[in-house]
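Participant: I have a structure I would like to understand better, so I am pasting it below and will then ask my questions one at a time.
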Amino acid sequence: MKHVRHFSPSLFLSLVHVCLVQANYAPYFFDNGARSTNGNMALLSLSEDTPVGTHVYTLNGTDPEGDPVTYSLAYEAGSRRYFSVDKNLGNVMLIEELDREKEDEIEVIVSISDGLSTVSEKVRILVTDANDESPEFINTPYIVQVPENTPSGSSIFKTKAVDKDTGSGGSITYFLQDGGGKLRGDNKVFSATTTVTVNVEDVQDTPPMFIGTPYYGYVYEDTLAGSEVLTVVALDGDRGKPNSIHYSIVNGSEGSFEIGNTTGAISVIKSPNQLKEEVYELKVQASEVGQEGDISAYTFSTVTIRVVDLNNHPPTFYGENGPQNKFELTMYEHPPEGEILRGLKITVNDSDQGANAKFNLRLVGPGGIFQVVPQTVLNEAQVTIIVENSAAIDYEKFKVLTFKLLAIEVNTPEKFSSTADVVIRLLDTNDNVPKFSSDYYIARIPENSPGGSNVVAVTATDPDSGLWGEVKYSIYGAGADLFLIHPSAGIIYTQPWAVLDAEVNSKYNFYVKAEDTDGKYSLAEVFITVLDVNDHSPEFNENIQEKTMIIGSPVKIQAIDQDAEEPNNIVDYSIMQADPANVFDIDQSTGEIKLKSYIRSLDIIHNITKNKDCIWSVVVQAKDRGSPSFSTTAVLKIDITEETLHKGPMAAFLMQTKDNPMKALGVLAGVMGIMVLITIMISTAMFWRNKRSNKIMPVRRIIKKRQTPQPRTVRMEWLKFKRPSNAAEKFVVEDDAKNLHNENSNNNIQVAAVPPTAPLPPPPPTVASRDDAPGWQVPTVSGSLTPKFVNKQVKKRGHGSAHNALVSELKMRFEKRNAAMGEPHI
């Protein structure tokens, strides 16, 4: 019980918060019902012959918060402690010998604790009976006075014995001396003996009496005719002067038996196969013969002779109340293997004798589940059924198990048999784990699905009945943040606030758990793919605003669609507007723009249009293949020029870097740096060589006058730059006829040097101001987009001497290479 204290109103809110944080739920036991060996010991029953030290039970429970629990046992004051428990594992051991006759019920207080709360329950353990008590005679000793003339067969005394055991173990059979009696229904036999003193009072002239009655005899199938079966004995009732006894058979013999007149020996006079009856009841007379040969008194006795060679009794099944052909039992599923079905009280008996009473027992029905013991019986036995396969005793497969218990004779020609039905009704336990219909689930959901949309339904089944068959679902894992699951229906849906985006994350993976009320669970894996929806328009690159096209070479535009999948991110290109309209073609897939095949020079273009600058605006469109489709348009300015330089590596390089002068300057600066490094290395080597050669040597030196070299002239007149009238005339090469006289570059002919003329920088690219941007928008069916321009300041090209010298040097190298290859000058 939790105690509630009263606090002042000013502290109420904060104290309520503390209580909510520190709330602790009490632990509890699992209660698995009768015949369980795991729970709170409720309905536990133990046989009184259970050995001390046996592990009889396992306490088992849990704590809602998942804290570790401990177990303990307590007893009422003055009670004996029969059990001990391992406080951590819950294993209960028997530490005191049980005795049902002294105490058939034990009360124990079992407790479970999580360290903060303790739960205690009072349970009762039933002590069942075992045949461990011997019968005891009461009111002994026995002394009986019997008159000598008491008629034969009269009851003269009644004894009484008590056995504290119950059931078949408590039944008692009485017999005299070596009667061979046996308790029916139990393999253990306990006996007790006592002495009965009989005093016979002598009475004169009393008739004779038989001793050792009743008389039973047996005729076996191998008995020969004339063989003695049994002998009866009678004595004169008068002790003083006993007379001789004469024996005779009065009736019942049917000519099959005879008796010796003086000996009392009864013999069979026919062969056993001639005997028509199974049992013969012979009435035998014993007469006193006086001295004169007269009969003074006589008495009678019955002799029962059984012919045992006639097999006419089949085995018979008995219950607690007599013959029975159907036995029923209710038990929990999956009992331990080797356990005896103690609820079945079955005895089998064959009234025949010898080999005729030997028979086999077996179970007919689903095989391998139970085993019957014994399998071979002589005369009589208690039938024991033992669990052989616990897994097959499954409530989910069979609510009722039905068997035939068959007893069939072994060595008889008749093979008499009998059967009894054994019906076992099963009770359910929580022995199954929820199982998913699949080990993994694959689902797809469009990325534009609103929050709370259903994704996939998972299904797990638990074949157990009642609450044990109810399944609760949950999900967990790194990919489960955007999803929820209905705890009972198993429907997985998105969080109300979830926004799916296939471009950000298109794959989610997590686990789903199915759990029953006892915590048994299984897992399945969920894979969710977010389907792409066409929600992005293609976007052109920023450098689309201006392109330079050399006649014969295409220019390429590119637009990127941010959608995740095809065909939503596949872009097709087209020309929406051009003036004139028959100048350009565009590749729909690659975005390459080229001139029509008949345009091979600038002259043809000049004939088509009066625009001498050859800079045209073309409206291009990029359209994706999604449904619905989105498109974007942009205005591309194309500067058309014509390649006039001779084709070669340097010419190709100059043309490729025409629109990017910074790249050309960088490459040229790298070349100049390498040349300077080589010049320094050569100069250093020459310095050290001259230094060694200027030393005064002990030999004569001949000094020659150096020849005055002719001044070297550099011819750059062939490369002249002039202001281009259009983009194709930026570089113009004039052929210098003088160079033809010195093709070998041997400097033998002196030519006046012509100073090189520095090239003028090309006109800066036309950059439209942002104010003119709206005029470029071309509406389409699905949308429009204004090209993005970056307002970059164009750097002016300088006229430095270093740049002029570098260009001259490059031109000289071109001339030498062409001369060596035999190509004309350009």
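Ordered as shown in the structure tokens, chains take letters A, B, and onward, while each chain numbers its residues from 1 and ligands are numbered from 1 in the order shown.
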Could you find all residues in stretch 552-671 of chain A that DSSP calls strand (DSSP E or B) from the backbone, and write them as a tab-separated table (two decimals) with N, CA and C atoms, in the first residue's frame?

Facilitator:
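Output below, filename result.tsv:
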```tsv
chain	number	residue	atom	x	y	z
A	555	VAL	N	27.97	23.49	-80.08
A	555	VAL	CA	28.04	23.92	-78.68
A	555	VAL	C	26.98	23.14	-77.91
A	556	LYS	N	27.21	22.98	-76.64
A	556	LYS	CA	26.34	22.12	-75.85
A	556	LYS	C	25.77	22.89	-74.67
A	559	ALA	N	20.88	20.99	-68.85
A	559	ALA	CA	19.94	21.31	-67.77
A	559	ALA	C	19.84	20.10	-66.85
A	560	ILE	N	19.77	20.34	-65.57
A	560	ILE	CA	19.72	19.27	-64.56
A	560	ILE	C	18.33	19.26	-63.94
A	571	VAL	N	15.85	14.67	-69.46
A	571	VAL	CA	15.58	15.99	-70.05
A	571	VAL	C	15.69	15.90	-71.57
A	572	ASP	N	14.72	16.46	-72.24
A	572	ASP	CA	14.75	16.61	-73.69
A	572	ASP	C	14.89	18.09	-74.03
A	573	TYR	N	15.69	18.38	-75.06
A	573	TYR	CA	15.98	19.77	-75.43
A	573	TYR	C	15.32	20.09	-76.77
A	574	SER	N	14.94	21.36	-76.91
A	574	SER	CA	14.36	21.82	-78.17
A	574	SER	C	14.59	23.32	-78.29
A	575	ILE	N	14.55	23.81	-79.56
A	575	ILE	CA	14.68	25.25	-79.83
A	575	ILE	C	13.27	25.80	-80.01
A	576	MET	N	12.92	26.72	-79.15
A	576	MET	CA	11.58	27.29	-79.19
A	576	MET	C	11.48	28.45	-80.18
A	577	GLN	N	12.57	29.23	-80.30
A	577	GLN	CA	12.50	30.43	-81.14
A	577	GLN	C	13.91	30.81	-81.57
A	578	ALA	N	14.11	31.12	-82.83
A	578	ALA	CA	15.39	31.60	-83.35
A	578	ALA	C	15.10	32.47	-84.57
A	584	PHE	N	19.81	26.86	-86.91
A	584	PHE	CA	20.32	25.94	-85.89
A	584	PHE	C	19.47	24.68	-85.80
A	585	ASP	N	20.16	23.58	-85.45
A	585	ASP	CA	19.53	22.33	-85.05
A	585	ASP	C	20.02	21.97	-83.64
A	586	ILE	N	19.19	21.23	-82.88
A	586	ILE	CA	19.57	20.83	-81.52
A	586	ILE	C	19.30	19.33	-81.36
A	592	GLU	N	23.23	19.28	-77.76
A	592	GLU	CA	24.22	19.87	-78.64
A	592	GLU	C	23.50	20.69	-79.74
A	593	ILE	N	23.96	21.97	-79.90
A	593	ILE	CA	23.40	22.88	-80.90
A	593	ILE	C	24.44	23.05	-82.01
A	594	LYS	N	24.02	22.84	-83.22
A	594	LYS	CA	24.93	23.00	-84.36
A	594	LYS	C	24.19	23.68	-85.50
A	595	LEU	N	25.01	24.17	-86.42
A	595	LEU	CA	24.44	24.83	-87.60
A	595	LEU	C	23.88	23.78	-88.55
A	615	ILE	N	26.09	37.32	-83.66
A	615	ILE	CA	25.71	36.96	-82.30
A	615	ILE	C	24.19	36.94	-82.26
A	616	TRP	N	23.64	35.73	-82.11
A	616	TRP	CA	22.19	35.55	-82.18
A	616	TRP	C	21.65	35.01	-80.88
A	617	SER	N	20.46	35.39	-80.59
A	617	SER	CA	19.76	34.88	-79.39
A	617	SER	C	18.82	33.75	-79.81
A	618	VAL	N	18.97	32.64	-79.09
A	618	VAL	CA	18.16	31.45	-79.37
A	618	VAL	C	17.42	31.08	-78.09
A	619	VAL	N	16.10	30.91	-78.18
A	619	VAL	CA	15.31	30.49	-77.03
A	619	VAL	C	15.26	28.96	-77.03
A	620	VAL	N	15.88	28.35	-75.99
A	620	VAL	CA	15.93	26.88	-75.88
A	620	VAL	C	15.05	26.44	-74.71
A	621	GLN	N	14.55	25.25	-74.85
A	621	GLN	CA	13.68	24.68	-73.81
A	621	GLN	C	14.24	23.34	-73.35
A	622	ALA	N	14.21	23.11	-72.00
A	622	ALA	CA	14.54	21.82	-71.40
A	622	ALA	C	13.28	21.28	-70.75
A	623	LYS	N	12.85	20.10	-71.18
A	623	LYS	CA	11.59	19.54	-70.71
A	623	LYS	C	11.81	18.10	-70.25
A	624	ASP	N	11.33	17.80	-69.02
A	624	ASP	CA	11.51	16.42	-68.53
A	624	ASP	C	10.40	15.52	-69.07
A	631	SER	N	8.88	22.06	-67.69
A	631	SER	CA	9.90	22.54	-68.63
A	631	SER	C	10.41	23.90	-68.18
A	632	THR	N	11.58	24.25	-68.73
A	632	THR	CA	12.23	25.53	-68.43
A	632	THR	C	12.80	26.07	-69.73
A	633	THR	N	12.64	27.38	-69.94
A	633	THR	CA	13.20	28.01	-71.14
A	633	THR	C	14.27	28.99	-70.74
A	634	ALA	N	15.21	29.21	-71.64
A	634	ALA	CA	16.28	30.18	-71.42
A	634	ALA	C	16.70	30.76	-72.77
A	635	VAL	N	17.29	31.93	-72.71
A	635	VAL	CA	17.78	32.62	-73.92
A	635	VAL	C	19.29	32.41	-73.99
A	636	LEU	N	19.75	31.82	-75.07
A	636	LEU	CA	21.17	31.55	-75.28
A	636	LEU	C	21.69	32.45	-76.39
A	637	LYS	N	22.77	33.17	-76.10
A	637	LYS	CA	23.43	34.01	-77.11
A	637	LYS	C	24.60	33.25	-77.69
A	638	ILE	N	24.56	33.05	-79.01
A	638	ILE	CA	25.58	32.27	-79.69
A	638	ILE	C	26.40	33.21	-80.58
A	639	ASP	N	27.72	33.21	-80.34
A	639	ASP	CA	28.67	34.01	-81.14
A	639	ASP	C	29.30	33.05	-82.15
A	640	ILE	N	29.01	33.25	-83.47
A	640	ILE	CA	29.49	32.34	-84.51
A	640	ILE	C	30.77	32.90	-85.10
A	641	THR	N	31.80	32.05	-85.18
A	641	THR	CA	33.09	32.45	-85.76
A	641	THR	C	33.55	31.35	-86.68
```

Participant: Identify, on the basis of only C-alpha atoms, every residue whose closest approach to stretch 25-32 of chain A does not exceed 9 Å; exclude the query and any residue fewer than 6 positions from it along the same chain; express the result as a PyMOL selection string.

Facilitator: chain A and resi 38-42+59-65+67+69+111-114+116-119+429-430+518

Participant: What does the structure give for the distance between atom CA of A:Glu525 and atom CA of A:Tyr473, in Å to one decimal?

Facilitator: 12.9 Å

Participant: For a test of reading the model, state the distance in Å between atom CA of A:Thr140 and atom CA of A:Tyr174, rounded to one decimal.

Facilitator: 15.4 Å

Participant: Quick one: everything within 6 Å of stretch 500-513 of chain A, counting only C-alpha atoms, minus sequence neighbours fewer than 4 positions away in the same chain. Send it as an mmCIF file with N, CA, C and O atoms, in the first residue's frame.

Facilitator:
```
data_model
loop_
_atom_site.group_PDB
_atom_site.id
_atom_site.type_symbol
_atom_site.label_atom_id
_atom_site.label_comp_id
_atom_site.auth_asym_id
_atom_site.auth_seq_id
_atom_site.Cartn_x
_atom_site.Cartn_y
_atom_site.Cartn_z
ATOM 1 N N GLU A 447 6.298 10.053 -52.776
ATOM 2 C CA GLU A 447 6.903 11.053 -51.907
ATOM 3 C C GLU A 447 5.948 12.199 -51.562
ATOM 4 O O GLU A 447 6.155 12.886 -50.575
ATOM 5 N N TYR A 473 1.816 -5.027 -31.750
ATOM 6 C CA TYR A 473 2.873 -4.681 -32.693
ATOM 7 C C TYR A 473 3.592 -3.412 -32.237
ATOM 8 O O TYR A 473 2.997 -2.508 -31.641
ATOM 9 N N SER A 474 4.875 -3.350 -32.568
ATOM 10 C CA SER A 474 5.672 -2.147 -32.348
ATOM 11 C C SER A 474 6.806 -2.135 -33.366
ATOM 12 O O SER A 474 7.133 -3.162 -33.961
ATOM 13 N N ILE A 475 7.379 -0.963 -33.601
ATOM 14 C CA ILE A 475 8.483 -0.833 -34.548
ATOM 15 C C ILE A 475 9.636 -0.127 -33.846
ATOM 16 O O ILE A 475 9.444 0.641 -32.903
ATOM 17 N N TYR A 476 10.831 -0.409 -34.328
ATOM 18 C CA TYR A 476 12.008 0.263 -33.811
ATOM 19 C C TYR A 476 13.125 0.142 -34.845
ATOM 20 O O TYR A 476 13.075 -0.671 -35.743
ATOM 21 N N GLY A 477 14.127 0.973 -34.685
ATOM 22 C CA GLY A 477 15.248 0.987 -35.616
ATOM 23 C C GLY A 477 15.517 2.405 -36.090
ATOM 24 O O GLY A 477 14.700 3.319 -35.925
ATOM 25 N N GLY A 479 15.570 3.648 -39.017
ATOM 26 C CA GLY A 479 14.725 4.153 -40.094
ATOM 27 C C GLY A 479 13.270 4.291 -39.740
ATOM 28 O O GLY A 479 12.441 4.542 -40.615
ATOM 29 N N ALA A 480 12.909 4.108 -38.449
ATOM 30 C CA ALA A 480 11.494 4.098 -38.069
ATOM 31 C C ALA A 480 11.007 5.451 -37.560
ATOM 32 O O ALA A 480 9.868 5.546 -37.100
ATOM 33 N N SER A 522 8.559 -12.064 -31.862
ATOM 34 C CA SER A 522 9.361 -12.335 -33.050
ATOM 35 C C SER A 522 9.502 -11.031 -33.831
ATOM 36 O O SER A 522 8.756 -10.073 -33.601
ATOM 37 N N LEU A 523 10.455 -11.012 -34.765
ATOM 38 C CA LEU A 523 10.776 -9.797 -35.507
ATOM 39 C C LEU A 523 10.658 -10.055 -37.006
ATOM 40 O O LEU A 523 10.838 -11.177 -37.486
ATOM 41 N N ALA A 524 10.363 -8.995 -37.726
ATOM 42 C CA ALA A 524 10.394 -9.004 -39.183
ATOM 43 C C ALA A 524 11.008 -7.677 -39.629
ATOM 44 O O ALA A 524 10.998 -6.691 -38.882
ATOM 45 N N GLU A 525 11.561 -7.672 -40.820
ATOM 46 C CA GLU A 525 12.227 -6.489 -41.337
ATOM 47 C C GLU A 525 11.350 -5.817 -42.389
ATOM 48 O O GLU A 525 10.717 -6.505 -43.204
ATOM 49 N N VAL A 526 11.295 -4.494 -42.330
ATOM 50 C CA VAL A 526 10.461 -3.718 -43.245
ATOM 51 C C VAL A 526 11.364 -2.840 -44.111
ATOM 52 O O VAL A 526 12.238 -2.136 -43.589
ATOM 53 N N PHE A 527 11.162 -2.912 -45.426
ATOM 54 C CA PHE A 527 11.897 -2.083 -46.384
ATOM 55 C C PHE A 527 10.877 -1.200 -47.109
ATOM 56 O O PHE A 527 9.961 -1.707 -47.754
ATOM 57 N N ILE A 528 11.050 0.108 -46.983
ATOM 58 C CA ILE A 528 10.124 1.065 -47.594
ATOM 59 C C ILE A 528 10.893 1.895 -48.613
ATOM 60 O O ILE A 528 11.954 2.463 -48.308
ATOM 61 N N THR A 529 10.348 1.954 -49.820
ATOM 62 C CA THR A 529 10.923 2.769 -50.881
ATOM 63 C C THR A 529 9.998 3.960 -51.142
ATOM 64 O O THR A 529 8.791 3.777 -51.345
ATOM 65 N N VAL A 530 10.566 5.150 -51.103
ATOM 66 C CA VAL A 530 9.814 6.362 -51.406
ATOM 67 C C VAL A 530 9.875 6.588 -52.920
ATOM 68 O O VAL A 530 10.955 6.776 -53.490
ATOM 69 N N ASP A 532 9.551 8.310 -56.454
ATOM 70 C CA ASP A 532 9.777 9.664 -56.943
ATOM 71 C C ASP A 532 8.544 10.190 -57.670
ATOM 72 O O ASP A 532 7.903 9.468 -58.431
ATOM 73 N N ALA A 564 14.509 12.184 -58.571
ATOM 74 C CA ALA A 564 15.377 11.067 -58.213
ATOM 75 C C ALA A 564 15.367 9.941 -59.228
ATOM 76 O O ALA A 564 16.329 9.195 -59.311
#
```

Participant: Could you tell me which of A:Glu339, A:Ser155, A:Ser244, A:Glu278 comes closest to A:Asp294 if we count only C-alpha atoms?

Facilitator: A:Ser244

Participant: So, counting only C-alpha atoms, which residue among A:Ile393, A:Ile109, A:Ile156, A:Val196 is closest to A:Pro141?

Facilitator: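 Comparing A:Ile393, A:Ile109, A:Ile156, A:Val196 against A:Pro141, the winner is A:Val196.
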
Participant: Just give me the gap between atom CA of A:Val144 and atom CA of A:Ser296 in Å, one decimal is fine.

Facilitator: 28.4 Å

Participant: Considering only C-alpha atoms, return as a ChimeraX atom specification whatever protein or nucleic-acid residues lie within 12 Å of stretch 405-420 of chain A, sequence-local ones (same chain, fewer than 5 positions apart) excluded.

Facilitator: /A:309-319,323-328,346-365,370-381,383-385

Participant: Go ahead and save the residues from that selection, with N, CA and C atoms, as a compact mmCIF listing (two decimals), in the first residue's frame.

Facilitator:
```
# COMPACT_ATOMS: atom_id res chain seq x y z
N ASP A 309 -7.04 -75.59 -18.42
CA ASP A 309 -6.60 -75.72 -19.81
C ASP A 309 -7.62 -75.14 -20.77
N LEU A 310 -8.76 -74.71 -20.32
CA LEU A 310 -9.76 -74.09 -21.16
C LEU A 310 -9.58 -72.58 -21.10
N ASN A 311 -9.11 -71.99 -22.18
CA ASN A 311 -8.88 -70.54 -22.22
C ASN A 311 -10.16 -69.85 -22.67
N ASN A 312 -10.92 -69.38 -21.73
CA ASN A 312 -12.20 -68.75 -22.07
C ASN A 312 -12.42 -67.42 -21.38
N HIS A 313 -11.34 -66.78 -20.93
CA HIS A 313 -11.46 -65.47 -20.31
C HIS A 313 -10.52 -64.48 -21.02
N PRO A 314 -11.03 -63.48 -21.65
CA PRO A 314 -10.17 -62.45 -22.25
C PRO A 314 -9.65 -61.51 -21.16
N PRO A 315 -8.59 -60.77 -21.46
CA PRO A 315 -8.15 -59.74 -20.50
C PRO A 315 -9.26 -58.70 -20.32
N THR A 316 -9.37 -58.18 -19.13
CA THR A 316 -10.43 -57.22 -18.79
C THR A 316 -9.81 -56.02 -18.10
N PHE A 317 -10.29 -54.81 -18.49
CA PHE A 317 -9.81 -53.58 -17.87
C PHE A 317 -10.74 -53.19 -16.74
N TYR A 318 -10.15 -52.70 -15.65
CA TYR A 318 -10.90 -52.29 -14.47
C TYR A 318 -10.54 -50.85 -14.12
N GLY A 319 -11.55 -50.13 -13.69
CA GLY A 319 -11.35 -48.81 -13.10
C GLY A 319 -11.48 -48.90 -11.60
N PRO A 323 -15.18 -53.17 -13.76
CA PRO A 323 -14.84 -53.22 -15.19
C PRO A 323 -15.20 -51.92 -15.89
N GLN A 324 -14.30 -51.46 -16.77
CA GLN A 324 -14.48 -50.16 -17.43
C GLN A 324 -13.80 -50.21 -18.78
N ASN A 325 -14.45 -49.66 -19.79
CA ASN A 325 -13.87 -49.67 -21.14
C ASN A 325 -13.61 -48.27 -21.69
N LYS A 326 -13.69 -47.25 -20.84
CA LYS A 326 -13.36 -45.89 -21.27
C LYS A 326 -12.77 -45.14 -20.09
N PHE A 327 -11.62 -44.49 -20.34
CA PHE A 327 -10.93 -43.74 -19.31
C PHE A 327 -10.65 -42.34 -19.86
N GLU A 328 -10.93 -41.32 -19.06
CA GLU A 328 -10.77 -39.93 -19.51
C GLU A 328 -9.87 -39.17 -18.54
N ILE A 346 -6.03 -47.37 -14.07
CA ILE A 346 -6.39 -48.49 -14.94
C ILE A 346 -5.71 -49.75 -14.43
N THR A 347 -6.51 -50.81 -14.31
CA THR A 347 -5.99 -52.14 -13.96
C THR A 347 -6.49 -53.12 -15.00
N VAL A 348 -5.65 -54.08 -15.37
CA VAL A 348 -6.02 -55.10 -16.34
C VAL A 348 -5.82 -56.47 -15.71
N ASN A 349 -6.73 -57.39 -16.00
CA ASN A 349 -6.70 -58.70 -15.37
C ASN A 349 -7.20 -59.76 -16.35
N ASP A 350 -6.58 -60.94 -16.31
CA ASP A 350 -7.04 -62.11 -17.06
C ASP A 350 -7.29 -63.23 -16.05
N SER A 351 -8.54 -63.72 -16.00
CA SER A 351 -8.92 -64.72 -15.00
C SER A 351 -8.37 -66.10 -15.30
N ASP A 352 -7.84 -66.31 -16.50
CA ASP A 352 -7.25 -67.61 -16.80
C ASP A 352 -5.98 -67.81 -16.00
N GLN A 353 -5.46 -69.05 -16.09
CA GLN A 353 -4.28 -69.39 -15.33
C GLN A 353 -3.14 -69.75 -16.26
N GLY A 354 -1.94 -69.61 -15.73
CA GLY A 354 -0.76 -70.02 -16.48
C GLY A 354 -0.57 -69.23 -17.74
N ALA A 355 -0.23 -69.99 -18.81
CA ALA A 355 0.05 -69.33 -20.08
C ALA A 355 -1.17 -68.66 -20.65
N ASN A 356 -2.35 -69.12 -20.27
CA ASN A 356 -3.57 -68.49 -20.78
C ASN A 356 -3.79 -67.10 -20.21
N ALA A 357 -3.07 -66.75 -19.16
CA ALA A 357 -3.24 -65.44 -18.53
C ALA A 357 -2.13 -64.47 -18.90
N LYS A 358 -1.34 -64.84 -19.88
CA LYS A 358 -0.25 -63.95 -20.31
C LYS A 358 -0.69 -63.18 -21.55
N PHE A 359 -0.55 -61.85 -21.50
CA PHE A 359 -1.00 -61.01 -22.62
C PHE A 359 -0.11 -59.78 -22.72
N ASN A 360 -0.18 -59.13 -23.91
CA ASN A 360 0.59 -57.91 -24.17
C ASN A 360 -0.33 -56.70 -24.15
N LEU A 361 0.26 -55.54 -23.77
CA LEU A 361 -0.45 -54.26 -23.76
C LEU A 361 0.21 -53.32 -24.77
N ARG A 362 -0.63 -52.59 -25.48
CA ARG A 362 -0.09 -51.54 -26.35
C ARG A 362 -1.17 -50.50 -26.61
N LEU A 363 -0.68 -49.27 -26.99
CA LEU A 363 -1.57 -48.16 -27.31
C LEU A 363 -1.73 -48.08 -28.82
N VAL A 364 -2.95 -47.97 -29.29
CA VAL A 364 -3.24 -47.83 -30.71
C VAL A 364 -3.76 -46.41 -30.94
N GLY A 365 -3.05 -45.64 -31.75
CA GLY A 365 -3.42 -44.25 -32.00
C GLY A 365 -2.20 -43.50 -32.51
N PHE A 370 2.77 -41.37 -26.34
CA PHE A 370 2.75 -41.98 -25.02
C PHE A 370 3.30 -43.41 -25.10
N GLN A 371 3.72 -43.92 -23.96
CA GLN A 371 4.20 -45.28 -23.85
C GLN A 371 3.47 -45.95 -22.69
N VAL A 372 3.05 -47.21 -22.92
CA VAL A 372 2.33 -47.93 -21.88
C VAL A 372 3.28 -48.89 -21.19
N VAL A 373 3.15 -48.97 -19.86
CA VAL A 373 3.98 -49.85 -19.03
C VAL A 373 3.05 -50.56 -18.05
N PRO A 374 3.20 -51.91 -17.89
CA PRO A 374 4.13 -52.80 -18.59
C PRO A 374 3.59 -53.16 -19.95
N GLN A 375 4.45 -53.74 -20.77
CA GLN A 375 4.02 -54.16 -22.09
C GLN A 375 3.63 -55.63 -22.13
N THR A 376 4.09 -56.41 -21.15
CA THR A 376 3.70 -57.82 -21.03
C THR A 376 3.20 -58.05 -19.61
N VAL A 377 2.04 -58.70 -19.49
CA VAL A 377 1.39 -58.89 -18.19
C VAL A 377 1.07 -60.37 -18.02
N LEU A 378 1.24 -60.85 -16.77
CA LEU A 378 0.80 -62.19 -16.41
C LEU A 378 -0.26 -62.04 -15.33
N ASN A 379 -1.46 -62.47 -15.64
CA ASN A 379 -2.62 -62.39 -14.77
C ASN A 379 -3.12 -60.96 -14.59
N GLU A 380 -2.35 -60.10 -13.90
CA GLU A 380 -2.91 -58.80 -13.52
C GLU A 380 -1.79 -57.78 -13.35
N ALA A 381 -2.10 -56.52 -13.68
CA ALA A 381 -1.12 -55.43 -13.49
C ALA A 381 -1.86 -54.10 -13.51
N VAL A 383 -1.92 -50.47 -15.05
CA VAL A 383 -1.46 -49.88 -16.31
C VAL A 383 -0.96 -48.46 -16.05
N THR A 384 0.25 -48.19 -16.52
CA THR A 384 0.84 -46.86 -16.39
C THR A 384 1.12 -46.31 -17.78
N ILE A 385 0.66 -45.08 -18.04
CA ILE A 385 0.92 -44.40 -19.32
C ILE A 385 1.89 -43.26 -19.07
```

Participant: Compare A:Glu320, A:Glu396, A:Asp462, A:Glu96 by their minimum atom-to-atom distance to A:Tyr521, counting only C-alpha atoms, and give me the closest one.

Facilitator: A:Asp462

Participant: Nearest residue to A:Phe210 out of A:Ile557, A:Ala286, A:Val162, A:Ile249, using only C-alpha atoms?

Facilitator: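 Of the candidates, the smallest distance to A:Phe210 is held by A:Ala286.
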